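Asker: I have a structure I would like to understand better, so I am pasting it below and will then ask my questions one at a time.
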Amino acid sequence: MELLSAEFFQRALIGGALIAITAPLLGLFLVLRRLAMIGDTLAHVSIAGVALGSLINVYPVSVGLLFAIAASFGIEWLRKAYRTYAELSLAIIMSGGIALASLLFTLGKSFNQNANSFWFGSIYTLDYTDIYVILGVTVVVLSMVLIHKKELFLLTFDEDAAAVSGLPMKYFNIMLSILTALVVSAAIKIVGALLVSALLTIPAACSLALSRSFKQAVILVVVIGEAAVLAGLWIAGVANLAPGGTVVLLLIAILVMCIASTRLIRT
């Protein structure tokens, strides 16, 4: 109980609880649209922004966010250029992000240790500025999803029908990419750029294995995300483990149990 009274752990729980709502929720839409790797791509680009922010003494997460948003527009542009090979857009943008990050790391050797926390996560170092940023991202994402829930549902399950019905596809594709960029930029300090895609995709995989409808999947993805993040933080705090890695391994354990339970039910 002493751990719960520590202010740094309280901030970690608040930040983790907020990102555990938005990341799995957006991840569900991305997985269903076959865009599961977009989180990984934007995370690597965000790290380049973090490196630049540290180099010029500007709040790193804000610069990472700008980089991720710019990358989301780049992904959409490349997806149109290579309609048949849309996954190429992710590979190209990710390669560029990694290359730029490595270049900036070389220029600013003194902040390499600080930047490493964004690669692997450093949730215990969250300050109130980080909390406010994550809260703002959560409010924006939930508002947009609630306002456009019908359009997002149609876009996710039948993109051709959405286009025929007159839905502004460009707007919604860019909106989804920007929302993902917001979540990824907010999440990299919690689980790290190398693990952020797990928070986007594994809860979605769990909920899809258990749910019977899209509504059930939405509820389950948030419940599973919250349970894994909060329990993972508690385990990591008590056992003195890396919080980001603990959360992701717990998610994988939950996924294995979900798949095993569905197979048992079917047999």
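Scheme for the structure tokens: letters A, B, ... for chains in order shown; per-chain residue numbers from 1; ligand numbers from 1 in order shown.
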Taking a cut-off of 12 Å and counting only C-alpha atoms, can you build a table that, for each residue of stretch 90-190 of chain A near stretch 205-225 of chain A, reports the nearest atom pair and how far apart they are in Å (one decimal), sorted by chain then residue number, as a Markdown table?
Answerer:
| residue | atom | partner | partner_atom | distance |
| --- | --- | --- | --- | --- |
| A:Leu142 | CA | A:Val222 | CA | 11.9 |
| A:Val145 | CA | A:Val218 | CA | 11.3 |
| A:Leu146 | CA | A:Val218 | CA | 12.0 |
| A:Lys149 | CA | A:Lys215 | CA | 11.0 |
| A:Lys150 | CA | A:Phe214 | CA | 11.8 |
| A:Leu152 | CA | A:Phe214 | CA | 11.8 |
| A:Phe153 | CA | A:Phe214 | CA | 8.7 |
| A:Leu154 | CA | A:Phe214 | CA | 11.5 |
| A:Thr156 | CA | A:Phe214 | CA | 10.7 |
| A:Phe157 | CA | A:Phe214 | CA | 10.1 |
Asker: If we count only C-alpha atoms, what is near A:Leu194 at a cut-off of 8 Å, once residues fewer than 5 positions away on the same chain are taken out, given as JSON, numbers by chain?
Answerer: {"A": [40, 43, 44, 119, 120]}
Asker: Of the residues A:Ser197, A:Thr129, A:Asn173, A:Thr138, which is the one nearest to A:Leu28, using only C-alpha atoms?
Answerer: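 Counting only C-alpha atoms, the residue closest to A:Leu28 is A:Ser197.
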Asker: Using only C-alpha atoms for the distances, tell me which of A:Ala20, A:Ile202, A:Val196, A:Leu233 is nearest to A:Val256.
Answerer: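 Among the listed residues, the smallest separation from A:Val256 belongs to A:Ile202.
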Asker: Give me the residues near A:Ala68 as a list in words, where near means some atom within 8 Å (using only C-alpha atoms) and where sequence neighbours in that chain fewer than 5 positions away do not count.
Answerer: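 Answer for this query is Leu42, Ala43, Val45, Ser46, Gly49, Ile178, Ala181, Leu182 and Ser185 of chain A.
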Asker: Suppose we keep N, CA, C and O atoms; can you now write the selection as a compact mmCIF listing (two decimals), in the first residue's frame?
Answerer:
# COMPACT_ATOMS: atom_id res chain seq x y z
N LEU A 42 4.43 5.12 -36.74
CA LEU A 42 4.34 6.46 -36.16
C LEU A 42 5.19 6.59 -34.90
O LEU A 42 5.71 7.67 -34.60
N ALA A 43 5.32 5.51 -34.15
CA ALA A 43 6.14 5.54 -32.94
C ALA A 43 7.60 5.81 -33.28
O ALA A 43 8.29 6.60 -32.61
N VAL A 45 8.73 7.33 -35.95
CA VAL A 45 8.84 8.72 -36.42
C VAL A 45 8.78 9.68 -35.23
O VAL A 45 9.51 10.68 -35.19
N SER A 46 7.94 9.37 -34.25
CA SER A 46 7.83 10.21 -33.06
C SER A 46 9.16 10.31 -32.33
O SER A 46 9.51 11.36 -31.78
N GLY A 49 11.19 12.99 -33.62
CA GLY A 49 10.74 14.27 -33.08
C GLY A 49 11.19 14.49 -31.66
O GLY A 49 11.57 15.60 -31.27
N ILE A 178 -4.40 10.82 -37.82
CA ILE A 178 -3.99 11.86 -36.88
C ILE A 178 -4.31 11.44 -35.44
O ILE A 178 -3.50 11.65 -34.53
N ALA A 181 -1.72 9.13 -34.41
CA ALA A 181 -0.49 9.86 -34.13
C ALA A 181 -0.53 10.49 -32.74
O ALA A 181 0.46 10.47 -32.00
N LEU A 182 -1.68 11.03 -32.36
CA LEU A 182 -1.85 11.62 -31.03
C LEU A 182 -1.63 10.57 -29.94
O LEU A 182 -0.91 10.79 -28.97
N SER A 185 2.07 9.26 -29.79
CA SER A 185 2.96 10.25 -29.19
C SER A 185 2.78 10.33 -27.68
O SER A 185 3.74 10.52 -26.93
Asker: Which residue gives the smallest distance to A:Ile98 among A:Val58, A:Ile174, A:Ala12, A:Ala48, with only C-alpha atoms counted?
Answerer: A:Ala48
Asker: Tell me which of A:Leu30, A:Leu88, A:Val184, A:Ala101 sits closest to A:Leu55, counting only C-alpha atoms.
Answerer: A:Ala101
Asker: Which residue, A:Val140, A:Ile123, A:Leu78, A:Ala204, has the smallest gap to A:Gly237 when you use only C-alpha atoms?
Answerer: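 Closest residue, counting only C-alpha atoms: A:Ile123.
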Asker: Please indicate the distance in Å from atom CA of A:Asn240 to atom CA of A:Leu255, rounded to one decimal place.
Answerer: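 Separation between atom CA of A:Asn240 and atom CA of A:Leu255: 23.8 Å.
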Asker: From the list A:Leu135, A:Leu35, A:Leu103, A:Ile56, which residue is nearest A:Arg79 when using only C-alpha atoms?
Answerer: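 Selected residue with least distance to A:Arg79: A:Leu35.
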Asker: Would you mind reading off the distance between atom CA of A:Glu76 and atom CA of A:Leu155, one decimal, in Å?
Answerer: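 If I compute the distance from atom CA of A:Glu76 to atom CA of A:Leu155, I get 15.2 Å.
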Asker: Residues near stretch 241-243 of chain A, anyone? I mean within 9 Å using only C-alpha atoms, not counting same-chain ones fewer than 4 positions away, as an NGL selection string.
Answerer: :A and (120-124 or 190-191 or 229 or 232-237 or 247-248)
Asker: Take the residues that were just selected and, keeping C-alpha atoms, output them as a PDB file, in the first residue's frame.
Answerer:
ATOM      1  CA  PHE A 120      11.576   1.593 -23.778  1.00  0.00           C
ATOM      2  CA  GLY A 121       9.100   3.678 -21.776  1.00  0.00           C
ATOM      3  CA  SER A 122       9.517   5.566 -18.531  1.00  0.00           C
ATOM      4  CA  ILE A 123       6.084   5.842 -16.988  1.00  0.00           C
ATOM      5  CA  TYR A 124       7.426   6.495 -13.490  1.00  0.00           C
ATOM      6  CA  ILE A 190       4.476   5.017 -20.981  1.00  0.00           C
ATOM      7  CA  VAL A 191       5.380   1.789 -22.802  1.00  0.00           C
ATOM      8  CA  VAL A 229      -1.972  -1.680 -17.819  1.00  0.00           C
ATOM      9  CA  GLY A 232       1.120  -4.598 -15.090  1.00  0.00           C
ATOM     10  CA  LEU A 233       2.097  -1.363 -13.367  1.00  0.00           C
ATOM     11  CA  TRP A 234       1.294  -2.848  -9.964  1.00  0.00           C
ATOM     12  CA  ILE A 235       3.333  -6.007 -10.640  1.00  0.00           C
ATOM     13  CA  ALA A 236       6.234  -3.960 -12.009  1.00  0.00           C
ATOM     14  CA  GLY A 237       6.172  -1.637  -9.008  1.00  0.00           C
ATOM     15  CA  VAL A 247       2.439  -4.585 -19.332  1.00  0.00           C
ATOM     16  CA  VAL A 248       3.152  -6.042 -22.784  1.00  0.00           C
TER      17      VAL A 248
END
